[in-house]
$ cat structure-v9.txt   # compact mmCIF, C-alpha atoms and all ligand atoms
# COMPACT_ATOMS: atom_id res chain seq x y z
CA MET A 84 -84.81 43.71 -78.68
CA GLU A 85 -85.67 40.19 -77.52
CA LYS A 86 -86.57 40.07 -73.85
CA HIS A 87 -86.34 36.96 -71.70
CA GLU A 88 -87.02 36.02 -68.13
CA CYS A 89 -83.90 33.93 -67.77
CA VAL A 90 -80.73 33.69 -69.82
CA ILE A 91 -78.12 31.07 -69.00
CA ILE A 92 -74.55 31.64 -70.15
CA GLY A 93 -72.63 28.39 -70.60
CA SER A 94 -73.51 24.77 -71.28
CA GLY A 95 -71.66 22.58 -68.79
CA PRO A 96 -73.30 20.66 -65.94
CA ALA A 97 -74.09 23.93 -64.11
CA GLY A 98 -75.74 25.56 -67.13
CA TYR A 99 -77.81 22.53 -68.12
CA THR A 100 -78.96 21.85 -64.57
CA ALA A 101 -79.99 25.49 -64.22
CA ALA A 102 -81.82 25.08 -67.54
CA VAL A 103 -83.74 21.99 -66.39
CA TYR A 104 -84.90 23.72 -63.21
CA ALA A 105 -85.66 27.05 -64.90
CA ALA A 106 -87.56 25.37 -67.74
CA ARG A 107 -89.62 23.24 -65.36
CA ALA A 108 -90.46 26.44 -63.45
CA ASP A 109 -91.71 27.88 -66.76
CA LEU A 110 -89.08 30.61 -66.97
CA LYS A 111 -88.56 29.70 -70.65
CA PRO A 112 -84.78 29.86 -70.35
CA ILE A 113 -82.52 30.74 -73.24
CA MET A 114 -79.06 29.17 -73.11
CA TYR A 115 -76.00 30.44 -74.95
CA THR A 116 -73.63 27.49 -75.20
CA GLY A 117 -70.31 29.28 -75.73
CA LEU A 118 -67.68 27.96 -78.12
CA GLU A 119 -67.43 24.55 -76.44
CA PRO A 120 -70.98 23.22 -76.10
CA GLY A 121 -71.08 20.81 -73.18
CA GLY A 122 -68.03 22.37 -71.55
CA GLN A 123 -65.01 20.64 -70.09
CA LEU A 124 -66.68 17.23 -69.77
CA THR A 125 -66.78 16.91 -73.53
CA THR A 126 -62.99 16.50 -73.37
CA THR A 127 -63.16 13.72 -70.78
CA THR A 128 -63.48 9.98 -71.29
CA ASP A 129 -65.04 8.00 -68.45
CA VAL A 130 -66.97 9.80 -65.77
CA GLU A 131 -67.31 7.39 -62.88
CA ASN A 132 -68.23 9.67 -60.03
CA PHE A 133 -71.50 11.19 -61.22
CA PRO A 134 -74.32 9.54 -59.25
CA GLY A 135 -76.86 7.68 -61.34
CA TYR A 136 -74.40 6.03 -63.70
CA PRO A 137 -73.34 2.83 -61.90
CA GLU A 138 -71.20 1.69 -64.82
CA GLY A 139 -69.81 5.17 -65.54
CA ILE A 140 -70.46 7.14 -68.72
CA MET A 141 -68.38 8.92 -71.35
CA GLY A 142 -68.22 12.69 -70.76
CA PRO A 143 -69.56 13.74 -74.20
CA GLU A 144 -72.43 11.26 -73.91
CA MET A 145 -73.34 12.56 -70.48
CA MET A 146 -73.43 16.13 -71.79
CA GLU A 147 -75.72 15.01 -74.62
CA ASP A 148 -78.05 13.60 -71.98
CA PHE A 149 -77.91 16.89 -70.07
CA ARG A 150 -78.80 18.80 -73.23
CA LYS A 151 -81.70 16.51 -74.14
CA GLN A 152 -83.11 16.79 -70.64
CA ALA A 153 -82.92 20.60 -70.70
CA GLU A 154 -84.53 20.73 -74.17
CA ARG A 155 -87.27 18.30 -73.18
CA PHE A 156 -88.67 20.97 -70.85
CA GLY A 157 -88.37 23.74 -73.41
CA THR A 158 -84.94 25.29 -72.95
CA ASP A 159 -83.95 27.22 -76.08
CA VAL A 160 -80.32 26.12 -76.55
CA ARG A 161 -78.48 28.50 -78.88
CA PHE A 162 -74.95 28.17 -80.19
CA GLY A 163 -73.39 31.55 -79.49
CA MET A 164 -71.17 33.61 -77.22
CA VAL A 165 -72.21 36.32 -74.86
CA THR A 166 -69.50 38.86 -75.63
CA LYS A 167 -70.59 41.76 -73.42
CA THR A 168 -72.78 42.26 -70.40
CA GLU A 169 -74.35 45.47 -69.15
CA PHE A 170 -75.74 44.49 -65.79
CA SER A 171 -78.18 46.74 -64.00
CA LYS A 172 -77.69 47.54 -60.34
CA ILE A 173 -81.39 48.23 -59.81
CA PRO A 174 -83.41 45.36 -58.34
CA GLY A 175 -86.03 44.22 -60.86
CA ALA A 176 -84.45 45.99 -63.85
CA SER A 177 -83.36 44.07 -66.95
CA HIS A 178 -79.77 43.35 -67.94
CA ILE A 179 -78.47 43.77 -71.48
CA LEU A 180 -76.37 41.04 -73.07
CA THR A 181 -74.57 41.29 -76.40
CA ILE A 182 -74.47 38.06 -78.38
CA ASP A 183 -71.59 37.37 -80.80
CA GLU A 184 -70.66 41.06 -80.70
CA ASN A 185 -73.71 42.19 -82.65
CA THR A 186 -77.13 41.31 -81.22
CA LYS A 187 -78.37 42.74 -77.96
CA ILE A 188 -80.94 40.98 -75.82
CA GLU A 189 -82.61 41.83 -72.55
CA ALA A 190 -82.61 39.38 -69.66
CA ARG A 191 -84.49 39.81 -66.40
CA THR A 192 -82.24 37.24 -64.74
CA VAL A 193 -78.85 35.94 -65.84
CA ILE A 194 -77.36 32.66 -64.68
CA ILE A 195 -73.63 32.54 -65.29
CA ALA A 196 -72.23 29.07 -65.91
CA THR A 197 -69.20 29.91 -68.03
CA GLY A 198 -66.86 27.39 -66.40
CA ALA A 199 -63.09 27.47 -66.54
CA THR A 200 -60.33 27.01 -69.15
CA ALA A 201 -57.01 25.18 -69.06
CA LYS A 202 -53.91 27.16 -68.05
CA TYR A 203 -50.59 27.16 -69.90
CA LEU A 204 -47.07 27.71 -68.56
CA GLY A 205 -46.60 30.93 -70.53
CA LEU A 206 -43.37 29.97 -72.29
CA GLU A 207 -42.69 31.47 -75.74
CA SER A 208 -41.71 28.03 -77.04
CA GLU A 209 -44.95 26.56 -75.71
CA LYS A 210 -46.96 29.19 -77.55
CA LYS A 211 -45.00 28.64 -80.75
CA MET A 212 -45.67 24.90 -80.72
CA MET A 213 -49.35 25.13 -79.84
CA GLY A 214 -51.15 22.68 -82.06
CA HIS A 215 -47.82 21.30 -83.28
CA GLY A 216 -47.18 19.03 -80.34
CA VAL A 217 -48.32 21.21 -77.43
CA SER A 218 -51.76 20.50 -76.04
CA ALA A 219 -53.77 20.95 -72.85
CA CYS A 220 -56.07 18.04 -73.51
CA ALA A 221 -54.79 14.48 -73.75
CA ILE A 222 -58.25 13.13 -74.41
CA CYS A 223 -58.66 15.47 -77.39
CA ASP A 224 -55.18 15.16 -78.87
CA GLY A 225 -53.62 12.00 -77.40
CA PHE A 226 -54.57 9.97 -80.45
CA PHE A 227 -52.15 11.99 -82.60
CA PHE A 228 -49.30 10.82 -80.37
CA LYS A 229 -50.02 7.12 -80.53
CA GLY A 230 -46.70 5.25 -80.50
CA LYS A 231 -44.72 8.40 -79.60
CA ASP A 232 -43.08 9.50 -76.36
CA VAL A 233 -44.73 12.39 -74.55
CA VAL A 234 -44.26 14.70 -71.57
CA VAL A 235 -47.00 15.84 -69.19
CA VAL A 236 -46.48 18.78 -66.83
CA GLY A 237 -48.43 19.20 -63.58
CA GLY A 238 -48.93 17.48 -60.25
CA GLY A 239 -52.69 17.52 -59.70
CA ASP A 240 -55.48 15.13 -60.62
CA SER A 241 -55.60 16.47 -64.17
CA ALA A 242 -51.91 15.70 -64.74
CA ALA A 243 -52.30 12.24 -63.19
CA GLU A 244 -55.34 11.56 -65.35
CA GLU A 245 -53.68 12.80 -68.55
CA ALA A 246 -50.50 10.80 -67.88
CA THR A 247 -52.50 7.64 -67.22
CA TYR A 248 -54.57 8.17 -70.36
CA LEU A 249 -51.50 8.77 -72.51
CA SER A 250 -49.69 5.76 -71.04
CA LYS A 251 -52.18 3.56 -72.91
CA LEU A 252 -51.26 5.14 -76.25
CA CYS A 253 -47.61 6.07 -75.86
CA PRO A 254 -44.55 3.94 -75.13
CA LYS A 255 -43.15 6.42 -72.60
CA VAL A 256 -44.77 9.21 -70.60
CA THR A 257 -42.62 11.54 -68.50
CA LEU A 258 -44.49 13.48 -65.84
CA LEU A 259 -42.84 16.73 -64.73
CA VAL A 260 -43.77 17.78 -61.19
CA ARG A 261 -42.32 21.06 -59.95
CA LYS A 262 -42.42 20.16 -56.23
CA ASP A 263 -41.17 17.08 -54.42
CA ALA A 264 -44.69 15.64 -54.28
CA MET A 265 -47.85 15.53 -56.33
CA ARG A 266 -50.96 17.16 -55.01
CA ALA A 267 -53.28 14.73 -56.81
CA SER A 268 -55.50 12.39 -54.80
CA GLN A 269 -53.77 9.29 -53.38
CA ILE A 270 -55.61 6.89 -55.65
CA MET A 271 -54.49 8.83 -58.73
CA ILE A 272 -50.90 9.07 -57.51
CA LYS A 273 -50.81 5.31 -56.92
CA ARG A 274 -52.20 4.70 -60.40
CA VAL A 275 -49.45 6.85 -61.93
CA GLU A 276 -46.73 5.27 -59.80
CA ASN A 277 -47.89 1.78 -60.68
CA THR A 278 -47.92 2.39 -64.41
CA PRO A 279 -44.61 1.03 -65.69
CA ASN A 280 -44.28 3.37 -68.69
CA ILE A 281 -44.79 6.57 -66.67
CA THR A 282 -41.64 8.17 -65.26
CA ILE A 283 -42.18 10.90 -62.67
CA MET A 284 -39.55 13.63 -62.42
CA TYR A 285 -40.01 15.60 -59.19
CA ASN A 286 -38.56 19.06 -58.44
CA THR A 287 -38.50 19.68 -62.15
CA ASP A 288 -39.15 22.96 -63.95
CA THR A 289 -39.90 23.21 -67.64
CA LEU A 290 -37.54 25.66 -69.35
CA GLU A 291 -38.30 25.24 -73.04
CA VAL A 292 -40.28 23.17 -75.47
CA LEU A 293 -37.85 22.17 -78.21
CA GLY A 294 -38.44 21.67 -81.92
CA GLU A 295 -38.79 23.66 -85.11
CA LYS A 296 -42.01 22.56 -86.81
CA THR A 297 -43.07 19.92 -84.29
CA VAL A 298 -42.03 19.16 -80.73
CA SER A 299 -38.83 17.13 -80.42
CA GLY A 300 -38.18 17.39 -76.69
CA VAL A 301 -38.38 19.45 -73.53
CA ARG A 302 -35.52 21.16 -71.72
CA VAL A 303 -35.97 20.82 -67.99
CA ARG A 304 -34.08 21.77 -64.83
CA ASN A 305 -34.00 20.11 -61.45
CA ASN A 306 -34.77 23.02 -59.12
CA GLN A 307 -32.82 21.41 -56.26
CA THR A 308 -29.58 20.58 -58.03
CA GLY A 309 -29.77 23.06 -60.92
CA GLU A 310 -29.01 20.25 -63.32
CA GLU A 311 -30.51 20.65 -66.80
CA GLN A 312 -31.44 17.89 -69.20
CA ILE A 313 -33.45 17.25 -72.33
CA VAL A 314 -36.35 14.85 -72.24
CA GLU A 315 -37.00 13.60 -75.75
CA ALA A 316 -40.68 13.66 -76.65
CA GLU A 317 -42.97 14.48 -79.55
CA GLY A 318 -45.89 15.68 -77.46
CA PHE A 319 -46.08 18.15 -74.57
CA PHE A 320 -49.24 18.12 -72.50
CA VAL A 321 -49.92 20.92 -70.05
CA ALA A 322 -52.15 19.96 -67.11
CA ILE A 323 -51.56 22.67 -64.52
CA GLY A 324 -55.06 23.75 -63.67
CA HIS A 325 -57.67 26.11 -64.98
CA LYS A 326 -58.72 29.74 -65.12
CA PRO A 327 -62.35 30.74 -64.65
CA ASN A 328 -63.98 32.18 -67.79
CA THR A 329 -65.10 35.42 -66.23
CA ASP A 330 -63.13 38.13 -68.06
CA ILE A 331 -66.25 39.69 -69.57
CA PHE A 332 -67.63 40.33 -66.08
CA LYS A 333 -64.56 42.25 -64.85
CA GLY A 334 -65.44 45.58 -63.32
CA GLN A 335 -69.09 44.56 -62.94
CA LEU A 336 -69.15 41.52 -60.70
CA ASP A 337 -67.10 40.89 -57.58
CA MET A 338 -64.40 38.29 -58.15
CA ASP A 339 -61.22 37.12 -56.44
CA GLU A 340 -57.70 37.78 -57.72
CA VAL A 341 -57.81 34.71 -60.01
CA GLY A 342 -61.20 35.66 -61.42
CA TYR A 343 -63.51 33.28 -59.54
CA LEU A 344 -66.86 35.05 -59.10
CA LYS A 345 -67.85 35.79 -55.54
CA THR A 346 -71.25 34.64 -54.36
CA LYS A 347 -72.97 35.31 -51.06
CA PRO A 348 -72.17 32.32 -48.82
CA GLY A 349 -74.58 29.45 -49.30
CA THR A 350 -76.22 31.05 -52.35
CA ALA A 351 -75.62 31.63 -56.06
CA SER A 352 -76.20 35.39 -55.69
CA THR A 353 -73.55 37.78 -56.96
CA ASN A 354 -73.20 41.40 -55.87
CA LEU A 355 -75.83 42.40 -58.46
CA PRO A 356 -79.58 41.75 -58.30
CA GLY A 357 -80.84 39.10 -60.71
CA VAL A 358 -77.34 37.89 -61.63
CA PHE A 359 -76.39 34.43 -60.37
CA ALA A 360 -73.08 32.61 -60.60
CA THR A 361 -72.82 28.82 -60.72
CA GLY A 362 -70.35 26.03 -61.51
CA ASP A 363 -66.60 26.32 -61.96
CA ALA A 364 -66.80 30.06 -62.71
CA GLN A 365 -67.37 30.56 -58.96
CA ASP A 366 -65.93 27.37 -57.45
CA LYS A 367 -62.24 26.98 -56.88
CA ILE A 368 -62.58 24.32 -54.22
CA TYR A 369 -64.66 21.41 -55.51
CA ARG A 370 -64.77 21.88 -59.31
CA GLN A 371 -66.69 18.68 -59.89
CA ALA A 372 -69.52 18.02 -62.33
CA ILE A 373 -71.84 17.14 -59.47
CA THR A 374 -71.08 20.28 -57.45
CA ALA A 375 -71.44 22.37 -60.60
CA ALA A 376 -74.82 20.75 -61.26
CA GLY A 377 -75.89 21.43 -57.66
CA SER A 378 -74.97 25.09 -57.91
CA GLY A 379 -76.78 25.34 -61.26
CA CYS A 380 -79.91 24.15 -59.47
CA MET A 381 -79.37 26.82 -56.80
CA GLY A 382 -78.98 29.51 -59.47
CA ALA A 383 -82.27 28.56 -61.14
CA LEU A 384 -84.21 28.38 -57.88
CA GLU A 385 -82.88 31.77 -56.87
CA ALA A 386 -83.73 33.23 -60.27
CA GLU A 387 -87.26 31.91 -59.93
CA ARG A 388 -87.66 33.44 -56.45
CA TYR A 389 -86.21 36.72 -57.65
CA LEU A 390 -88.64 36.86 -60.57
CA SER A 391 -91.58 36.18 -58.26
CA GLU A 392 -90.44 39.06 -56.08
CA TYR A 393 -90.13 41.46 -59.04
CA GLU A 394 -93.00 40.42 -61.28
CA GLU A 395 -92.61 43.35 -63.64
CA THR A 396 -89.45 44.92 -64.98
CA VAL A 397 -88.50 48.08 -63.16
CA GLU A 398 -87.24 50.90 -65.40
CA ALA A 399 -83.44 51.03 -65.33
P1 LIG A 401 -54.73 21.70 -59.58
O1 LIG A 401 -54.82 23.15 -59.36
O2 LIG A 401 -55.24 20.77 -58.56
O3 LIG A 401 -53.20 21.30 -59.83
C1 LIG A 401 -52.38 22.01 -60.68
C2 LIG A 401 -51.02 21.36 -60.68
O4 LIG A 401 -50.22 22.01 -61.65
C3 LIG A 401 -50.31 21.45 -59.34
O5 LIG A 401 -49.61 20.27 -59.09
C4 LIG A 401 -49.37 22.63 -59.57
O6 LIG A 401 -48.18 22.53 -58.85
C5 LIG A 401 -49.04 22.48 -61.02
N1 LIG A 401 -48.65 23.74 -61.62
C6 LIG A 401 -49.31 24.92 -61.60
N2 LIG A 401 -48.64 25.86 -62.27
C7 LIG A 401 -47.50 25.26 -62.71
C8 LIG A 401 -46.39 25.70 -63.45
N3 LIG A 401 -46.32 26.95 -63.89
N4 LIG A 401 -45.40 24.82 -63.70
C9 LIG A 401 -45.48 23.56 -63.27
N5 LIG A 401 -46.51 23.07 -62.57
C10 LIG A 401 -47.51 23.92 -62.30
O7 LIG A 401 -55.42 21.48 -60.99
P2 LIG A 401 -56.05 20.17 -61.64
O8 LIG A 401 -56.52 20.61 -62.95
O9 LIG A 401 -55.14 19.04 -61.57
O10 LIG A 401 -57.29 19.85 -60.72
C11 LIG A 401 -58.29 20.84 -60.49
C12 LIG A 401 -59.43 20.24 -59.66
O11 LIG A 401 -60.14 19.28 -60.43
C13 LIG A 401 -58.94 19.51 -58.41
O12 LIG A 401 -59.83 19.74 -57.39
C14 LIG A 401 -58.95 18.06 -58.83
O13 LIG A 401 -59.09 17.19 -57.74
C15 LIG A 401 -60.13 18.02 -59.78
N6 LIG A 401 -59.99 16.94 -60.79
C16 LIG A 401 -60.55 15.73 -60.52
C17 LIG A 401 -60.43 14.70 -61.42
C18 LIG A 401 -61.10 13.39 -61.09
O14 LIG A 401 -61.59 13.23 -59.98
N7 LIG A 401 -61.15 12.45 -62.01
C19 LIG A 401 -59.68 14.85 -62.67
C20 LIG A 401 -59.10 16.15 -62.84
C21 LIG A 401 -59.25 17.14 -61.92
P3 LIG A 401 -48.09 22.75 -57.26
O15 LIG A 401 -48.67 21.53 -56.65
O16 LIG A 401 -46.63 22.87 -57.08
O17 LIG A 401 -48.83 24.01 -56.98
$ encode --input "structure-v9.txt" --output "structure tokens"
Amino acid sequence: MEKHECVIIGSGPAGYTAAVYAARADLKPIMYTGLEPGGQLTTTTDVENFPGYPEGIMGPEMMEDFRKQAERFGTDVRFGMVTKTEFSKIPGASHILTIDENTKIEARTVIIATGATAKYLGLESEKKMMGHGVSACAICDGFFFKGKDVVVVGGGDSAAEEATYLSKLCPKVTLLVRKDAMRASQIMIKRVENTPNITIMYNTDTLEVLGEKTVSGVRVRNNQTGEEQIVEAEGFFVAIGHKPNTDIFKGQLDMDEVGYLKTKPGTASTNLPGVFATGDAQDKIYRQAITAAGSGCMGALEAERYLSEYEETVEA
């Protein structure tokens, strides 16, 4: 069985930052990228709030830079999924990780940076039309709806961003907000309100995505008046938040009811020795690339200190 000092699970800003720090500390980190190398930022266009890029940068390009920087110091970046974890509770003992359901490796420290995934409404009709007009990523799929009317559901920054993005491709964007106000930041709300081809429908619930082979409209209801109507559209974009990718750690690591991993305040330490949680998998408050990167740094520094404390593996 391969044995490593430090294995990083996930390849977003948290994972790559952990990799840079761990590699420069000579921990020879191994990174498993997961199915979406680069993470959520690879589905974003302009990133304007990451310090160091005065003109902004495209998300996928930024993640390429992260990868190159991690590899420059010797990180072994591997395309693969960690499908099972058998964490030890004994300080200094190794943890066992299963890769792609078949290979087991030993890791003295594990840095979790598995991020989060987009949520869906859970409607049958939404599921049926997935990939046939239903999407959770305007940046990925918006191009297919060029010149067509679309609907976006959600009231946060993601929904505002997706609606604004789609408004440049589509003649009409209808934004469905379930409350009487959006919770997005003021600047994003203003941008949406000032875009002439975006119509915001407040107090509106989505009842059904209509269409046989492709989306033809959305049946909605005003939750104040009870009035139903059909919004004609060929695309339905869901932007209602994310779920942390932590299912494989259930029963082993402490997490909240949504699945966000719990860390000791001010640290990246989980309830188990040598297992550190970083990025969106443990952050439901900030969820920014820069905060994820910062916590990735914390995870690597803590892993390094932990390894200095337990120089040799203790028998499990
Ligand atoms: P949020 O959790 O902030 O917002 C989710 C939105 O979806 C809310 O308006 C919520 O409604 C709505 N919603 C949830 N479930 C349903 C449902 N079943 N039906 C209808 N509506 C529903 O998620 P975001 O992804 O928007 O943002 C997450 C974080 O990422 C935030 O901190 C945000 O600021 C940040 N972000 C920043 C960006 C930027 O700076 N460029 C871009 C994108 C995100 P309700 O309000 O009623 O609960």
$ residues_around --input "structure-v9.txt" --residues "segment 338-346 of chain A" --least-positions-apart "5" --cutoff "7 Å" --atoms "only C-alpha atoms" --output "count of residues only"
10
$ closest_residue --input "structure-v9.txt" --among "A:Gly294, A:Gly318, A:Pro137, A:Gly93" --to "Gly230 of chain A" --atoms "only C-alpha atoms"
A:Gly318
$ residues_near_ligand --input "structure-v9.txt" --ligand "ligand LIG 401 (chain A)" --cutoff "7 Å" --atoms "all atoms listed in the file" --output "PyMOL selection string"
chain A and resi 204+236-242+244+260-262+265-268+288-289+322-325+368-371
$ write_last_selection --input "structure-v9.txt" --atoms "C-alpha atoms" --output "CSV table (one decimal), in the frame of the given file"
chain,number,residue,atom,x,y,z
A,204,LEU,CA,-47.1,27.7,-68.6
A,236,VAL,CA,-46.5,18.8,-66.8
A,237,GLY,CA,-48.4,19.2,-63.6
A,238,GLY,CA,-48.9,17.5,-60.2
A,239,GLY,CA,-52.7,17.5,-59.7
A,240,ASP,CA,-55.5,15.1,-60.6
A,241,SER,CA,-55.6,16.5,-64.2
A,242,ALA,CA,-51.9,15.7,-64.7
A,244,GLU,CA,-55.3,11.6,-65.4
A,260,VAL,CA,-43.8,17.8,-61.2
A,261,ARG,CA,-42.3,21.1,-60.0
A,262,LYS,CA,-42.4,20.2,-56.2
A,265,MET,CA,-47.8,15.5,-56.3
A,266,ARG,CA,-51.0,17.2,-55.0
A,267,ALA,CA,-53.3,14.7,-56.8
A,268,SER,CA,-55.5,12.4,-54.8
A,288,ASP,CA,-39.2,23.0,-64.0
A,289,THR,CA,-39.9,23.2,-67.6
A,322,ALA,CA,-52.2,20.0,-67.1
A,323,ILE,CA,-51.6,22.7,-64.5
A,324,GLY,CA,-55.1,23.8,-63.7
A,325,HIS,CA,-57.7,26.1,-65.0
A,368,ILE,CA,-62.6,24.3,-54.2
A,369,TYR,CA,-64.7,21.4,-55.5
A,370,ARG,CA,-64.8,21.9,-59.3
A,371,GLN,CA,-66.7,18.7,-59.9
$ residues_around --input "structure-v9.txt" --residues "segment 160-171 of chain A" --least-positions-apart "4" --cutoff "6 Å" --atoms "only C-alpha atoms" --output "compact mmCIF listing (two decimals) with C-alpha atoms, keeping the file's coordinate frame"
# COMPACT_ATOMS: atom_id res chain seq x y z
CA MET A 114 -79.06 29.17 -73.11
CA TYR A 115 -76.00 30.44 -74.95
CA THR A 116 -73.63 27.49 -75.20
CA GLY A 117 -70.31 29.28 -75.73
CA HIS A 178 -79.77 43.35 -67.94
CA ILE A 179 -78.47 43.77 -71.48
CA LEU A 180 -76.37 41.04 -73.07
CA THR A 181 -74.57 41.29 -76.40
CA ILE A 182 -74.47 38.06 -78.38
CA ASP A 183 -71.59 37.37 -80.80
CA GLU A 184 -70.66 41.06 -80.70
$ closest_residue --input "structure-v9.txt" --among "A:Thr297, A:Lys211, A:Ala372, A:Gln335" --to "Met145 of chain A" --atoms "all atoms listed in the file"
A:Ala372
$ residues_around --input "structure-v9.txt" --residues "segment 299-305 of chain A" --least-positions-apart "5" --cutoff "6 Å" --atoms "only C-alpha atoms" --output "number ranges by chain"
A: 286-294, 310-317
$ residues_near_point --input "structure-v9.txt" --point "(-77.2, 27.4, -63.5)" --cutoff "10 Å" --atoms "all atoms listed in the file" --output "ChimeraX atom specification"
/A:90-105,114,193-197,351,359-362,375-386
$ closest_residue --input "structure-v9.txt" --among "A:Lys347, A:Thr374, A:Glu144, A:His215" --to "Asn132 of chain A" --atoms "only C-alpha atoms"
A:Thr374
$ closest_residue --input "structure-v9.txt" --among "A:Met212, A:Ile331, A:Leu206, A:Leu390" --to "Leu110 of chain A" --atoms "only C-alpha atoms"
A:Leu390
$ residues_around --input "structure-v9.txt" --residues "Tyr389 of chain A" --least-positions-apart "5" --cutoff "10 Å" --atoms "all atoms listed in the file" --output "list in words"
Pro174, Gly175, Arg191, Thr192, Pro356, Gly357, Val358, Ala383, Leu384 and Glu394 of chain A
$ atom_distance --input "structure-v9.txt" --atom1 "atom CA of Pro254 of chain A" --atom2 "atom CA of Lys229 of chain A"
8.3 Å
$ atom_distance --input "structure-v9.txt" --atom1 "atom CA of Cys89 of chain A" --atom2 "atom CA of Val397 of chain A"
15.6 Å
$ closest_residue --input "structure-v9.txt" --among "A:Ser208, A:Glu276, A:Gly349, A:Pro120" --to "Phe149 of chain A" --atoms "all atoms listed in the file"
A:Pro120
$ axis_aligned_box --input "structure-v9.txt" --around "segment 304-312 of chain A" --padding-each-side "5 Å" --output "lines of an AutoDock Vina configuration file"
center_x = -31.9
center_y = 20.5
center_z = -62.7
size_x = 15.8
size_y = 15.2
size_z = 22.9
$ residues_around --input "structure-v9.txt" --residues "Val217 of chain A" --least-positions-apart "4" --cutoff "6 Å" --atoms "all atoms listed in the file" --output "compact mmCIF listing (two decimals) with C-alpha atoms, in the frame of the given file"
# COMPACT_ATOMS: atom_id res chain seq x y z
CA MET A 212 -45.67 24.90 -80.72
CA MET A 213 -49.35 25.13 -79.84
CA PHE A 319 -46.08 18.15 -74.57
CA PHE A 320 -49.24 18.12 -72.50
$ closest_residue --input "structure-v9.txt" --among "A:Phe226, A:Tyr136, A:Tyr248, A:Tyr285" --to "Ala264 of chain A" --atoms "all atoms listed in the file"
A:Tyr285
$ decode --input "structure-v9.txt" --residues "segment 226-230 of chain A" --atoms "all heavy atoms" --output "mmCIF file, in the first residue's frame"
data_model
loop_
_atom_site.group_PDB
_atom_site.id
_atom_site.type_symbol
_atom_site.label_atom_id
_atom_site.label_comp_id
_atom_site.auth_asym_id
_atom_site.auth_seq_id
_atom_site.Cartn_x
_atom_site.Cartn_y
_atom_site.Cartn_z
ATOM 1 N N PHE A 226 -24.615 29.283 -23.009
ATOM 2 C CA PHE A 226 -24.384 29.396 -24.449
ATOM 3 C C PHE A 226 -25.453 28.671 -25.263
ATOM 4 O O PHE A 226 -25.862 29.118 -26.327
ATOM 5 C CB PHE A 226 -22.990 28.831 -24.764
ATOM 6 C CG PHE A 226 -22.621 28.949 -26.206
ATOM 7 C CD1 PHE A 226 -22.213 30.165 -26.732
ATOM 8 C CD2 PHE A 226 -22.702 27.849 -27.050
ATOM 9 C CE1 PHE A 226 -21.888 30.288 -28.082
ATOM 10 C CE2 PHE A 226 -22.381 27.957 -28.394
ATOM 11 C CZ PHE A 226 -21.970 29.181 -28.905
ATOM 12 N N PHE A 227 -25.924 27.536 -24.731
ATOM 13 C CA PHE A 227 -26.930 26.739 -25.451
ATOM 14 C C PHE A 227 -28.277 27.467 -25.523
ATOM 15 O O PHE A 227 -29.167 27.057 -26.258
ATOM 16 C CB PHE A 227 -27.126 25.374 -24.773
ATOM 17 C CG PHE A 227 -25.854 24.571 -24.702
ATOM 18 C CD1 PHE A 227 -25.304 24.208 -23.472
ATOM 19 C CD2 PHE A 227 -25.188 24.188 -25.857
ATOM 20 C CE1 PHE A 227 -24.120 23.487 -23.409
ATOM 21 C CE2 PHE A 227 -24.008 23.468 -25.802
ATOM 22 C CZ PHE A 227 -23.472 23.118 -24.569
ATOM 23 N N PHE A 228 -28.418 28.511 -24.733
ATOM 24 C CA PHE A 228 -29.709 29.222 -24.683
ATOM 25 C C PHE A 228 -29.625 30.618 -25.285
ATOM 26 O O PHE A 228 -30.486 31.446 -25.054
ATOM 27 C CB PHE A 228 -30.203 29.265 -23.227
ATOM 28 C CG PHE A 228 -30.405 27.896 -22.671
ATOM 29 C CD1 PHE A 228 -29.385 27.239 -22.015
ATOM 30 C CD2 PHE A 228 -31.599 27.231 -22.891
ATOM 31 C CE1 PHE A 228 -29.546 25.949 -21.557
ATOM 32 C CE2 PHE A 228 -31.771 25.937 -22.438
ATOM 33 C CZ PHE A 228 -30.746 25.301 -21.768
ATOM 34 N N LYS A 229 -28.589 30.806 -26.073
ATOM 35 C CA LYS A 229 -28.415 32.092 -26.748
ATOM 36 C C LYS A 229 -29.651 32.384 -27.611
ATOM 37 O O LYS A 229 -30.080 31.509 -28.383
ATOM 38 C CB LYS A 229 -27.169 31.997 -27.628
ATOM 39 C CG LYS A 229 -26.563 33.312 -27.946
ATOM 40 C CD LYS A 229 -25.228 33.110 -28.636
ATOM 41 C CE LYS A 229 -24.739 34.467 -29.102
ATOM 42 N NZ LYS A 229 -23.511 34.382 -29.830
ATOM 43 N N GLY A 230 -30.224 33.565 -27.428
ATOM 44 C CA GLY A 230 -31.389 33.946 -28.231
ATOM 45 C C GLY A 230 -32.705 33.376 -27.731
ATOM 46 O O GLY A 230 -33.747 33.550 -28.362
#
